[in-house]
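S.K.: Supplied structure: structure10.txt, compact mmCIF, C-alpha atoms and all ligand atoms.
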# COMPACT_ATOMS: atom_id res chain seq x y z
CA MET A 1 16.96 -8.63 -21.46
CA ASP A 2 19.58 -6.59 -19.61
CA ILE A 3 18.33 -7.58 -16.16
CA ASN A 4 19.16 -10.97 -14.59
CA GLU A 5 15.77 -12.70 -14.76
CA GLN A 6 16.67 -15.75 -12.69
CA ARG A 7 18.30 -13.79 -9.87
CA LEU A 8 15.22 -11.58 -9.62
CA TRP A 9 12.84 -14.55 -9.72
CA ASN A 10 14.87 -16.42 -7.06
CA ARG A 11 14.73 -13.39 -4.76
CA ILE A 12 10.97 -13.00 -5.20
CA ASN A 13 10.49 -16.62 -4.21
CA GLU A 14 12.98 -16.47 -1.33
CA LEU A 15 11.38 -13.32 0.13
CA GLY A 16 8.02 -14.98 -0.53
CA ARG A 17 8.90 -17.57 2.11
CA VAL A 18 9.40 -14.97 4.88
CA GLY A 19 6.37 -14.56 7.15
CA VAL A 20 4.29 -17.51 5.91
CA ASP A 21 1.30 -17.84 8.25
CA VAL A 22 -0.89 -20.77 9.25
CA ASN A 23 -3.28 -20.10 6.39
CA GLY A 24 -0.50 -20.42 3.81
CA GLY A 25 -0.31 -16.72 2.96
CA LEU A 26 2.16 -14.08 4.08
CA THR A 27 1.56 -12.00 7.19
CA ARG A 28 4.31 -9.41 7.69
CA LEU A 29 2.60 -6.67 9.66
CA SER A 30 4.53 -3.46 10.30
CA PHE A 31 7.06 -3.41 13.12
CA THR A 32 6.86 -7.14 13.73
CA ASP A 33 9.63 -9.74 13.62
CA GLU A 34 8.26 -11.04 10.31
CA GLU A 35 8.62 -7.61 8.65
CA ARG A 36 12.04 -7.21 10.22
CA ALA A 37 13.09 -10.58 8.77
CA ALA A 38 11.90 -9.46 5.35
CA LYS A 39 13.90 -6.23 5.61
CA GLN A 40 16.97 -8.16 6.74
CA LEU A 41 16.76 -10.24 3.57
CA VAL A 42 16.20 -7.13 1.43
CA ARG A 43 19.23 -5.53 3.12
CA LYS A 44 21.28 -8.62 2.13
CA TYR A 45 20.14 -8.25 -1.50
CA MET A 46 21.10 -4.56 -1.40
CA ILE A 47 24.56 -5.46 -0.08
CA ASP A 48 24.94 -8.12 -2.81
CA ALA A 49 23.96 -5.43 -5.31
CA GLY A 50 26.77 -3.21 -4.01
CA LEU A 51 24.45 -0.39 -2.92
CA GLN A 52 25.05 2.20 -0.20
CA ILE A 53 22.61 1.23 2.53
CA ARG A 54 20.83 3.27 5.17
CA GLU A 55 17.78 2.75 7.34
CA ASP A 56 16.07 5.84 8.71
CA GLU A 57 14.83 6.31 12.28
CA ILE A 58 11.40 4.75 11.63
CA GLY A 59 12.45 1.81 9.44
CA ASN A 60 12.47 2.99 5.81
CA LEU A 61 15.30 0.99 4.19
CA PHE A 62 17.31 2.54 1.30
CA GLY A 63 19.94 1.22 -1.14
CA LYS A 64 21.70 3.86 -3.26
CA LEU A 65 23.77 3.81 -6.44
CA PRO A 66 25.53 7.21 -6.43
CA GLY A 67 25.46 9.22 -9.66
CA ASN A 68 28.33 11.12 -11.32
CA ASN A 69 27.13 14.45 -10.03
CA PRO A 70 27.08 14.50 -6.20
CA ASN A 71 24.85 17.57 -6.26
CA ALA A 72 22.34 16.02 -8.65
CA LYS A 73 18.90 14.86 -7.55
CA THR A 74 17.94 11.25 -6.84
CA VAL A 75 15.76 9.05 -8.98
CA LEU A 76 13.92 7.08 -6.29
CA ILE A 77 12.41 3.65 -6.94
CA GLY A 78 10.37 1.90 -4.29
CA SER A 79 7.49 0.09 -2.73
CA HIS A 80 6.97 -1.89 0.50
CA VAL A 81 7.66 -5.31 2.05
CA ASP A 82 5.00 -5.29 4.75
CA THR A 83 1.88 -7.27 3.82
CA VAL A 84 -1.80 -7.54 4.71
CA LEU A 85 -3.07 -10.51 6.72
CA ASN A 86 -2.57 -13.78 4.78
CA GLY A 87 -1.39 -11.84 1.72
CA GLY A 88 0.51 -12.70 -1.43
CA MET A 89 4.22 -12.58 -2.24
CA PHE A 90 4.14 -9.95 -5.01
CA ASP A 91 2.24 -6.99 -3.47
CA GLY A 92 4.98 -4.49 -2.59
CA ALA A 93 7.90 -6.91 -2.54
CA LEU A 94 7.95 -6.99 -6.34
CA GLY A 95 8.62 -3.25 -6.60
CA VAL A 96 11.47 -3.35 -4.09
CA LEU A 97 13.15 -6.39 -5.63
CA ILE A 98 12.80 -5.11 -9.20
CA GLY A 99 14.35 -1.83 -8.01
CA ILE A 100 17.33 -3.68 -6.53
CA GLU A 101 17.69 -5.76 -9.71
CA VAL A 102 17.76 -2.64 -11.90
CA LEU A 103 20.42 -0.97 -9.72
CA GLN A 104 22.52 -4.14 -9.54
CA THR A 105 22.37 -4.52 -13.33
CA LEU A 106 23.39 -0.87 -13.84
CA ARG A 107 26.38 -1.34 -11.53
CA GLU A 108 27.41 -4.70 -13.06
CA LYS A 109 27.32 -3.15 -16.53
CA GLY A 110 29.47 -0.29 -15.24
CA LEU A 111 26.80 2.17 -16.34
CA THR A 112 26.92 5.40 -14.36
CA THR A 113 24.16 7.96 -14.40
CA GLU A 114 24.17 11.73 -13.84
CA ASN A 115 21.69 11.41 -10.98
CA SER A 116 21.89 8.98 -8.07
CA VAL A 117 19.44 6.12 -8.29
CA GLU A 118 18.05 4.77 -5.01
CA VAL A 119 15.64 1.99 -4.06
CA VAL A 120 13.51 2.19 -0.92
CA ALA A 121 11.40 -0.28 1.04
CA PHE A 122 8.92 2.05 2.73
CA THR A 123 7.69 0.82 6.09
CA ASP A 124 4.01 0.18 6.89
CA GLU A 125 2.38 0.87 3.51
CA GLU A 126 -0.57 -1.46 4.06
CA GLY A 127 -1.79 -0.04 7.36
CA THR A 128 -3.24 -3.43 8.31
CA ARG A 129 -1.93 -3.46 11.88
CA PHE A 130 -2.83 0.09 12.91
CA SER A 131 -5.68 0.81 10.44
CA THR A 132 -3.81 3.76 8.95
CA GLY A 133 -1.26 3.27 6.18
CA MET A 134 1.57 4.77 4.10
CA ILE A 135 3.44 5.55 7.32
CA GLY A 136 6.93 5.33 5.78
CA SER A 137 6.26 7.39 2.66
CA LYS A 138 4.21 9.96 4.61
CA ALA A 139 7.10 10.39 7.08
CA PHE A 140 9.63 10.61 4.22
CA THR A 141 7.61 13.44 2.64
CA GLY A 142 6.95 15.24 5.93
CA GLN A 143 3.23 14.39 5.95
CA LEU A 144 3.24 12.48 9.26
CA THR A 145 3.01 14.00 12.75
CA SER A 146 4.19 12.49 16.02
CA ASP A 147 0.50 12.48 17.05
CA ASP A 148 -0.11 10.03 14.19
CA LEU A 149 2.44 7.73 15.81
CA THR A 150 1.01 7.95 19.33
CA ASN A 151 -2.72 8.10 18.52
CA ASN A 152 -3.08 4.99 16.34
CA PHE A 153 -3.24 1.58 18.02
CA ASP A 154 -3.30 -2.09 17.01
CA LYS A 155 -5.80 -4.63 18.37
CA GLN A 156 -3.60 -5.14 21.46
CA GLY A 157 -3.63 -1.40 22.21
CA ILE A 158 0.01 -0.91 21.17
CA SER A 159 0.64 2.46 19.46
CA ILE A 160 2.70 2.83 16.27
CA ALA A 161 5.37 4.66 18.29
CA GLU A 162 5.57 1.82 20.85
CA ALA A 163 5.76 -0.77 18.07
CA MET A 164 8.54 1.19 16.35
CA THR A 165 10.48 1.44 19.61
CA SER A 166 10.07 -2.30 20.20
CA GLN A 167 11.82 -2.87 16.86
CA GLY A 168 14.68 -0.54 17.80
CA TYR A 169 13.51 2.53 15.88
CA SER A 170 13.20 6.09 17.25
CA PRO A 171 9.77 7.62 16.61
CA ASN A 172 10.84 10.69 18.58
CA LYS A 173 13.31 11.38 15.75
CA LEU A 174 10.50 11.51 13.16
CA GLU A 175 11.77 14.93 12.02
CA THR A 176 15.04 13.40 10.76
CA VAL A 177 13.15 11.14 8.34
CA LYS A 178 11.79 13.92 6.12
CA VAL A 179 13.76 14.83 2.99
CA GLU A 180 13.50 18.01 0.90
CA PRO A 181 11.53 17.75 -2.36
CA GLU A 182 14.44 19.39 -4.18
CA SER A 183 16.61 16.34 -3.44
CA ILE A 184 14.36 13.98 -5.39
CA LYS A 185 14.08 14.08 -9.20
CA CYS A 186 11.19 11.62 -9.44
CA PHE A 187 9.67 8.49 -7.92
CA LEU A 188 8.92 5.25 -9.76
CA GLU A 189 6.97 2.28 -8.43
CA VAL A 190 6.49 -1.09 -10.08
CA HIS A 191 3.52 -3.00 -8.67
CA ILE A 192 1.16 -5.81 -9.62
CA GLU A 193 -2.06 -4.36 -11.01
CA GLN A 194 -4.18 -6.34 -8.53
CA GLY A 195 -6.99 -6.13 -11.09
CA LYS A 196 -7.93 -7.72 -14.45
CA ILE A 197 -7.41 -4.97 -17.04
CA LEU A 198 -3.95 -6.07 -18.25
CA GLU A 199 -4.93 -9.75 -18.21
CA SER A 200 -8.09 -9.06 -20.22
CA ASN A 201 -5.98 -7.16 -22.76
CA SER A 202 -3.35 -9.95 -22.78
CA VAL A 203 -0.61 -7.44 -21.99
CA ALA A 204 2.17 -8.07 -19.45
CA VAL A 205 2.91 -4.48 -18.46
CA GLY A 206 0.78 -1.34 -18.11
CA SER A 207 1.29 2.40 -17.66
CA VAL A 208 -0.56 3.96 -14.73
CA THR A 209 -2.49 7.20 -15.25
CA GLY A 210 -3.57 7.87 -11.68
CA ILE A 211 -4.42 6.38 -8.28
CA VAL A 212 -7.82 6.49 -6.61
CA GLY A 213 -8.45 8.48 -3.46
CA VAL A 214 -9.14 6.47 -0.32
CA ARG A 215 -11.01 7.07 2.94
CA TRP A 216 -11.03 4.64 5.89
CA LEU A 217 -13.72 5.13 8.59
CA ARG A 218 -14.48 3.36 11.86
CA VAL A 219 -18.16 3.34 12.96
CA LYS A 220 -18.91 2.56 16.63
CA LEU A 221 -22.53 1.77 17.62
CA GLN A 222 -23.76 1.66 21.21
CA GLY A 223 -27.08 -0.16 21.79
CA GLU A 224 -28.39 -2.13 24.74
CA ALA A 225 -27.52 -5.71 25.59
CA GLY A 226 -30.44 -7.94 26.48
CA HIS A 227 -31.79 -11.47 26.78
CA ALA A 228 -32.33 -12.94 23.28
CA GLY A 229 -35.40 -14.79 24.52
CA THR A 230 -37.26 -12.36 26.74
CA THR A 231 -36.74 -9.03 24.96
CA PRO A 232 -39.61 -8.25 22.53
CA MET A 233 -38.43 -6.95 19.14
CA PRO A 234 -40.03 -3.46 19.48
CA LEU A 235 -38.16 -2.90 22.76
CA ARG A 236 -34.71 -3.66 21.39
CA ARG A 237 -31.81 -1.25 20.68
CA ASP A 238 -29.79 -3.76 18.69
CA PRO A 239 -26.55 -2.23 17.26
CA LEU A 240 -25.82 -5.25 15.06
CA ALA A 241 -29.17 -5.05 13.30
CA ALA A 242 -28.47 -1.33 12.87
CA ALA A 243 -25.02 -2.11 11.42
CA ALA A 244 -26.57 -4.56 8.97
CA GLU A 245 -28.84 -1.79 7.64
CA MET A 246 -25.91 0.64 7.43
CA ILE A 247 -23.67 -1.79 5.54
CA THR A 248 -26.42 -2.16 2.93
CA VAL A 249 -26.64 1.66 2.68
CA VAL A 250 -22.87 1.83 2.13
CA GLU A 251 -23.00 -0.88 -0.56
CA ASN A 252 -25.92 0.80 -2.38
CA LEU A 253 -24.24 4.22 -2.33
CA ALA A 254 -21.09 2.70 -3.87
CA LYS A 255 -23.13 1.08 -6.66
CA VAL A 256 -24.53 4.41 -7.87
CA GLN A 257 -21.39 5.44 -9.78
CA GLU A 258 -19.27 3.13 -11.96
CA GLY A 259 -15.74 2.95 -10.50
CA THR A 260 -16.63 3.70 -6.88
CA VAL A 261 -15.91 0.89 -4.43
CA ALA A 262 -16.77 0.48 -0.74
CA THR A 263 -15.77 -2.35 1.58
CA VAL A 264 -16.62 -3.27 5.16
CA GLY A 265 -13.60 -5.37 6.07
CA GLN A 266 -13.76 -5.43 9.86
CA LEU A 267 -16.76 -6.02 12.17
CA SER A 268 -16.62 -6.69 15.91
CA VAL A 269 -19.60 -7.53 18.15
CA ASN A 270 -19.75 -7.32 21.96
CA PRO A 271 -20.25 -9.29 24.08
CA GLY A 272 -20.71 -11.88 21.27
CA GLY A 273 -22.95 -14.48 22.93
CA VAL A 274 -25.40 -16.56 20.91
CA ASN A 275 -28.28 -15.66 23.24
CA ILE A 276 -27.34 -12.03 24.02
CA ILE A 277 -28.55 -9.00 22.08
CA PRO A 278 -25.27 -7.16 21.39
CA SER A 279 -24.43 -4.12 23.49
CA ASP A 280 -21.99 -2.52 21.05
CA VAL A 281 -20.60 -3.05 17.55
CA GLU A 282 -17.69 -1.60 15.56
CA PHE A 283 -17.07 -1.79 11.82
CA THR A 284 -14.71 -0.18 9.28
CA ILE A 285 -15.48 1.26 5.85
CA ASP A 286 -12.92 1.49 3.01
CA LEU A 287 -14.14 3.94 0.32
CA ARG A 288 -12.34 4.57 -3.00
CA ASP A 289 -12.89 6.66 -6.11
CA LEU A 290 -10.75 8.68 -8.54
CA SER A 291 -12.80 11.77 -7.64
CA ASP A 292 -12.23 13.32 -4.22
CA GLU A 293 -15.41 15.33 -4.69
CA LEU A 294 -17.43 12.15 -5.10
CA LEU A 295 -15.77 10.65 -2.03
CA GLU A 296 -16.82 13.69 0.01
CA GLN A 297 -20.42 13.29 -1.27
CA LEU A 298 -20.34 9.61 -0.31
CA LEU A 299 -19.14 10.50 3.18
CA VAL A 300 -22.12 12.85 3.57
CA GLY A 301 -24.47 10.11 2.34
CA ILE A 302 -23.01 7.54 4.72
CA SER A 303 -23.10 9.80 7.78
CA SER A 304 -26.72 10.83 7.16
CA GLY A 305 -27.63 7.15 6.65
CA VAL A 306 -25.94 6.20 9.91
CA ASP A 307 -27.63 9.10 11.70
CA SER A 308 -31.18 8.30 10.55
CA ILE A 309 -30.84 4.55 11.27
CA CYS A 310 -29.47 5.31 14.74
CA SER A 311 -32.20 7.82 15.65
CA LYS A 312 -34.86 5.34 14.44
CA ARG A 313 -33.36 2.57 16.59
CA GLY A 314 -32.28 4.56 19.65
CA ILE A 315 -28.60 3.79 19.03
CA THR A 316 -25.73 6.19 19.78
CA TYR A 317 -22.77 6.27 17.38
CA THR A 318 -19.41 7.77 16.49
CA ILE A 319 -17.77 7.90 13.06
CA GLU A 320 -13.99 8.29 13.11
CA GLU A 321 -11.85 8.99 10.02
CA LEU A 322 -8.82 6.65 10.18
CA HIS A 323 -7.07 7.30 6.89
CA LYS A 324 -7.48 9.86 4.10
CA LEU A 325 -5.52 10.08 0.86
CA SER A 326 -6.57 12.16 -2.14
CA GLY A 327 -6.65 10.67 -5.61
CA VAL A 328 -3.60 11.62 -7.69
CA SER A 329 -2.57 11.75 -11.35
CA CYS A 330 0.79 10.35 -12.38
CA SER A 331 3.28 12.70 -14.07
CA ASN A 332 2.65 12.84 -17.83
CA GLU A 333 6.37 13.22 -18.50
CA ILE A 334 7.20 10.10 -16.52
CA LYS A 335 4.26 8.23 -18.04
CA GLU A 336 5.55 9.05 -21.55
CA GLU A 337 9.00 7.72 -20.57
CA ILE A 338 7.36 4.52 -19.31
CA ASN A 339 5.29 4.24 -22.50
CA THR A 340 8.46 4.60 -24.61
CA SER A 341 10.13 1.81 -22.63
CA ILE A 342 7.05 -0.42 -23.04
CA GLU A 343 7.01 0.22 -26.81
CA LYS A 344 10.74 -0.62 -26.93
CA GLN A 345 9.78 -4.14 -25.80
CA GLY A 346 7.35 -4.39 -28.70
CA LEU A 347 4.36 -4.27 -26.36
CA GLU A 348 1.09 -2.40 -26.84
CA VAL A 349 0.81 0.49 -24.34
CA ILE A 350 -2.20 0.07 -22.05
CA GLU A 351 -2.82 3.05 -19.77
CA LEU A 352 -4.93 2.38 -16.68
CA PRO A 353 -5.83 3.86 -13.27
CA SER A 354 -4.96 2.15 -10.00
CA GLY A 355 -7.87 1.03 -7.80
CA ALA A 356 -5.36 0.15 -5.08
CA GLY A 357 -3.49 2.65 -2.96
CA HIS A 358 0.29 2.83 -3.18
CA ASP A 359 3.21 4.78 -1.73
CA ALA A 360 3.26 6.40 -5.17
CA MET A 361 0.12 8.35 -4.25
CA VAL A 362 1.95 9.93 -1.33
CA MET A 363 5.07 10.55 -3.44
CA ALA A 364 2.96 12.12 -6.21
CA THR A 365 2.17 15.03 -3.84
CA PHE A 366 5.93 15.51 -3.40
CA THR A 367 7.69 14.79 -6.73
CA GLU A 368 7.11 13.70 -10.34
CA THR A 369 5.78 10.17 -9.95
CA GLY A 370 5.10 7.25 -12.29
CA MET A 371 3.92 3.66 -11.90
CA ILE A 372 4.40 0.52 -13.95
CA PHE A 373 1.81 -2.24 -13.48
CA LEU A 374 2.28 -5.96 -14.03
CA ARG A 375 -0.41 -8.37 -15.18
CA THR A 376 -1.96 -10.18 -12.19
CA LYS A 377 -3.40 -13.67 -12.56
CA ASP A 378 -7.21 -13.43 -12.36
CA GLY A 379 -6.74 -10.01 -10.76
CA ILE A 380 -6.29 -11.75 -7.41
CA SER A 381 -4.43 -9.92 -4.61
CA HIS A 382 -4.41 -9.65 -0.81
CA ARG A 383 -4.69 -13.47 -0.92
CA PRO A 384 -2.09 -16.27 -1.00
CA GLU A 385 -3.10 -17.07 -4.60
CA GLU A 386 -1.73 -13.68 -5.78
CA TRP A 387 0.47 -14.38 -8.84
CA ALA A 388 2.55 -12.76 -11.60
CA ASP A 389 4.36 -14.84 -14.25
CA LYS A 390 8.16 -14.86 -14.31
CA GLU A 391 8.18 -13.55 -17.90
CA ASP A 392 5.96 -10.60 -16.92
CA VAL A 393 8.17 -9.83 -13.92
CA SER A 394 11.23 -9.80 -16.18
CA MET A 395 9.43 -7.56 -18.66
CA GLY A 396 8.44 -5.15 -15.90
CA ALA A 397 12.02 -5.01 -14.65
CA GLN A 398 13.33 -4.34 -18.17
CA VAL A 399 10.80 -1.53 -18.67
CA LEU A 400 11.88 0.04 -15.39
CA TYR A 401 15.56 -0.40 -16.33
CA ASP A 402 15.10 1.44 -19.63
CA THR A 403 12.98 4.13 -17.97
CA VAL A 404 15.58 4.72 -15.25
CA LEU A 405 18.36 4.93 -17.85
CA ASN A 406 16.41 7.64 -19.69
CA LEU A 407 15.48 9.55 -16.54
CA ALA A 408 18.66 9.31 -14.48
O1 LIG B 501 -5.19 -0.73 0.46
C1 LIG B 501 -4.55 -0.68 -0.58
O2 LIG B 501 -5.06 -0.35 -1.62
C2 LIG B 501 -3.10 -1.07 -0.61
O3 LIG B 501 -3.02 -2.46 -0.67
N1 LIG B 501 -2.39 -0.54 0.52
MN MN B 502 -1.67 -4.16 -0.73
MN MN B 503 1.03 -2.67 -2.34
Will you turn the file into structure tokens for me?

M.R.:
Amino acid sequence: MDINEQRLWNRINELGRVGVDVNGGLTRLSFTDEERAAKQLVRKYMIDAGLQIREDEIGNLFGKLPGNNPNAKTVLIGSHVDTVLNGGMFDGALGVLIGIEVLQTLREKGLTTENSVEVVAFTDEEGTRFSTGMIGSKAFTGQLTSDDLTNNFDKQGISIAEAMTSQGYSPNKLETVKVEPESIKCFLEVHIEQGKILESNSVAVGSVTGIVGVRWLRVKLQGEAGHAGTTPMPLRRDPLAAAAEMITVVENLAKVQEGTVATVGQLSVNPGGVNIIPSDVEFTIDLRDLSDELLEQLLVGISSGVDSICSKRGITYTIEELHKLSGVSCSNEIKEEINTSIEKQGLEVIELPSGAGHDAMVMATFTETGMIFLRTKDGISHRPEEWADKEDVSMGAQVLYDTVLNLA
């Protein structure tokens, strides 16, 4: 192994103690003190690694190892350090820390590359706080507008722009965040698989072929509150009963095609009394599939299901699209480089798609992009029990190291 396994493992565990919440998992939502603390620690690691550090105006944090040719492009490595609610310590953080480890090892070995190599911790990948994600990588690639920053709110009604400002960033300088595609040679992201394919093949590291498309919707239903005891069933306009029907429609539509997934992760009921028929209900839908065409068909199926249930029940509704990212294929050239590095470790090459979204799907619309997956215990993620073995982490870092050496 060229990389320093113990240093990397220590950092994963140290960063894994930042933002521990009452339920024992990590909650480092974007533009909060917990995420800031995580970035402070990552900044320290970047300094220890001897990298040139910069943080852009919305909180993307970079550490650069300059190449021999100042005019050459940059090989960018990255992921995120924000988490979901009560999440695990590998999702995102692993890719940033492995990137730092690879750059620190290159510098310690005195290896210089033609191209600069840079590691980035993109801000707000998960989108948990504002229900719209990939903020940092979208801004970096010029795919974010200032409206996106002012028109998305958290549960307290704080906009992304206000949250950024509260952390000392300058959302009004969004334009300065964007870089030109010509300045980037390629993007590489190492991430836990968050599924069971590698584990079921008993392989530590995998080569990603593509990333599913994702749609997030918010459905708002307006019915009529009433007395639970004195309102006969035929006279009710109950939005929660309507939502229950709709959620079953969503689940059944997703079951039609192998590979499609749909999740209702948030549901709120007003006023929420045991003996009150609800007045209004809101729920979210997370839809994923490798085919954008299929996703569009699903959206049509869902909206017509919502419409017919609402007209039958006398409910009014709105459906709002919160987040939309097309499915992407990884670069074949980069994938072949990754496969060569995996074979160099004597491992079988397993190619697999990603069911999770990543900054890599935004970067793939901007530059040649590849992903390296790590085996995930029982496929568990977005939970405190999320786990990757130290040996697998080291293997993933070595594969990235060899890939970067070949590409940079
Ligand atoms: O939602 C996702 O797939 C990722 O965790 N952001
Ligand atoms: Mn995640
Ligand atoms: Mn992630």

S.K.: Go through chain A residue by residue and, counting only C-alpha atoms and all ligand atoms, keep those with an atom at most 7 Å from ligand MN 502 (chain B); for each kept residue give the shortest atom pair and its distance in Å to one decimal, ordered by chain and increasing number, as a Markdown table.

M.R.:
| residue | atom | partner | partner_atom | distance |
| --- | --- | --- | --- | --- |
| A:Thr83 | CA | B:MN502 | MN | 6.6 |
| A:Val84 | CA | B:MN502 | MN | 6.4 |
| A:Asp91 | CA | B:MN502 | MN | 5.6 |
| A:Gly92 | CA | B:MN502 | MN | 6.9 |
| A:Glu126 | CA | B:MN502 | MN | 5.6 |
| A:His382 | CA | B:MN502 | MN | 6.1 |

S.K.: Store the residues picked out above, limited to C-alpha atoms, as a short mmCIF file (atom, residue, chain, number, x, y, z; two decimals), in the coordinates of the input.

M.R.:
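Ended up saving to part38.cif:
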data_model
loop_
_atom_site.label_atom_id
_atom_site.label_comp_id
_atom_site.auth_asym_id
_atom_site.auth_seq_id
_atom_site.Cartn_x
_atom_site.Cartn_y
_atom_site.Cartn_z
CA THR A 83 1.88 -7.27 3.82
CA VAL A 84 -1.80 -7.54 4.71
CA ASP A 91 2.24 -6.99 -3.47
CA GLY A 92 4.98 -4.49 -2.59
CA GLU A 126 -0.57 -1.46 4.06
CA HIS A 382 -4.41 -9.65 -0.81
#

S.K.: What residues have any atom no more than 10 Å from ligand LIG 501 (chain B) when counting all atoms listed in the file, and can you list them as a VMD selection string?

M.R.: chain A and resid 80 82 to 84 87 91 to 92 124 to 128 132 to 134 194 211 to 214 216 286 288 354 to 359 381 to 382

S.K.: Mind checking which residues fall within 10 Å of A:Glu57, counting all atoms listed in the file, ignoring those fewer than 5 positions away in the same chain, and posting them as an mmCIF file with C-alpha atoms, keeping the file's coordinate frame?

M.R.:
data_model
loop_
_atom_site.group_PDB
_atom_site.id
_atom_site.type_symbol
_atom_site.label_atom_id
_atom_site.label_comp_id
_atom_site.auth_asym_id
_atom_site.auth_seq_id
_atom_site.Cartn_x
_atom_site.Cartn_y
_atom_site.Cartn_z
ATOM 1 C CA MET A 164 8.540 1.190 16.350
ATOM 2 C CA THR A 165 10.480 1.440 19.610
ATOM 3 C CA GLY A 168 14.680 -0.540 17.800
ATOM 4 C CA TYR A 169 13.510 2.530 15.880
ATOM 5 C CA SER A 170 13.200 6.090 17.250
ATOM 6 C CA PRO A 171 9.770 7.620 16.610
ATOM 7 C CA ASN A 172 10.840 10.690 18.580
ATOM 8 C CA LYS A 173 13.310 11.380 15.750
ATOM 9 C CA LEU A 174 10.500 11.510 13.160
ATOM 10 C CA GLU A 175 11.770 14.930 12.020
ATOM 11 C CA THR A 176 15.040 13.400 10.760
ATOM 12 C CA VAL A 177 13.150 11.140 8.340
#

S.K.: Excluding stretch 38-43 of chain A and any residue of its chain fewer than 4 positions from it, enumerate the residues within 12 Å of it, using all atoms listed in the file, and give them as JSON, numbers by chain.

M.R.: {"A": [8, 11, 12, 13, 14, 15, 16, 17, 18, 19, 20, 26, 27, 28, 29, 30, 31, 32, 33, 34, 47, 48, 49, 50, 51, 52, 53, 54, 55, 59, 60, 61, 62, 63, 64, 80, 81, 82, 83, 89, 92, 93, 94, 95, 96, 97, 98, 99, 100, 101, 119, 120, 121, 122, 123, 124, 167]}

S.K.: A:Ile380: which residues within 9 Å, counting all atoms listed in the file, same-chain residues fewer than 5 positions away excluded, as a list in words?

M.R.: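 These residues fall inside the cut-off: Gln194, Gly195, Lys196, Glu385, Glu386 and Trp387 of chain A.
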
S.K.: Need the shell around stretch 269-280 of chain A: protein/DNA/RNA residues with any atom at most 9 Å away, counting only C-alpha atoms. Skip same-chain ones fewer than 6 positions apart. Format as a list in words?

M.R.: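 Skipping anything fewer than 6 positions along the chain leaves Lys220, Leu221, Gln222, Gly223, Glu224, Ala225, Gly226, His227, Ala228, Gly229, Thr231, Arg236, Arg237, Asp238, Pro239 and Leu240 of chain A.
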
S.K.: Stretch 180-182 of chain A: which residues within 8 Å, counting only C-alpha atoms, same-chain residues fewer than 5 positions away excluded, as an mmCIF file with C-alpha atoms, in the coordinates of the input?

M.R.:
data_model
loop_
_atom_site.group_PDB
_atom_site.id
_atom_site.type_symbol
_atom_site.label_atom_id
_atom_site.label_comp_id
_atom_site.auth_asym_id
_atom_site.auth_seq_id
_atom_site.Cartn_x
_atom_site.Cartn_y
_atom_site.Cartn_z
ATOM 1 C CA LYS A 73 18.900 14.860 -7.550
ATOM 2 C CA THR A 141 7.610 13.440 2.640
ATOM 3 C CA PHE A 366 5.930 15.510 -3.400
ATOM 4 C CA THR A 367 7.690 14.790 -6.730
#

S.K.: Distance atom CA of A:Val256-atom CA of A:Glu193, one decimal place?

M.R.: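 If I compute the distance from atom CA of A:Val256 to atom CA of A:Glu193, I get 24.3 Å.
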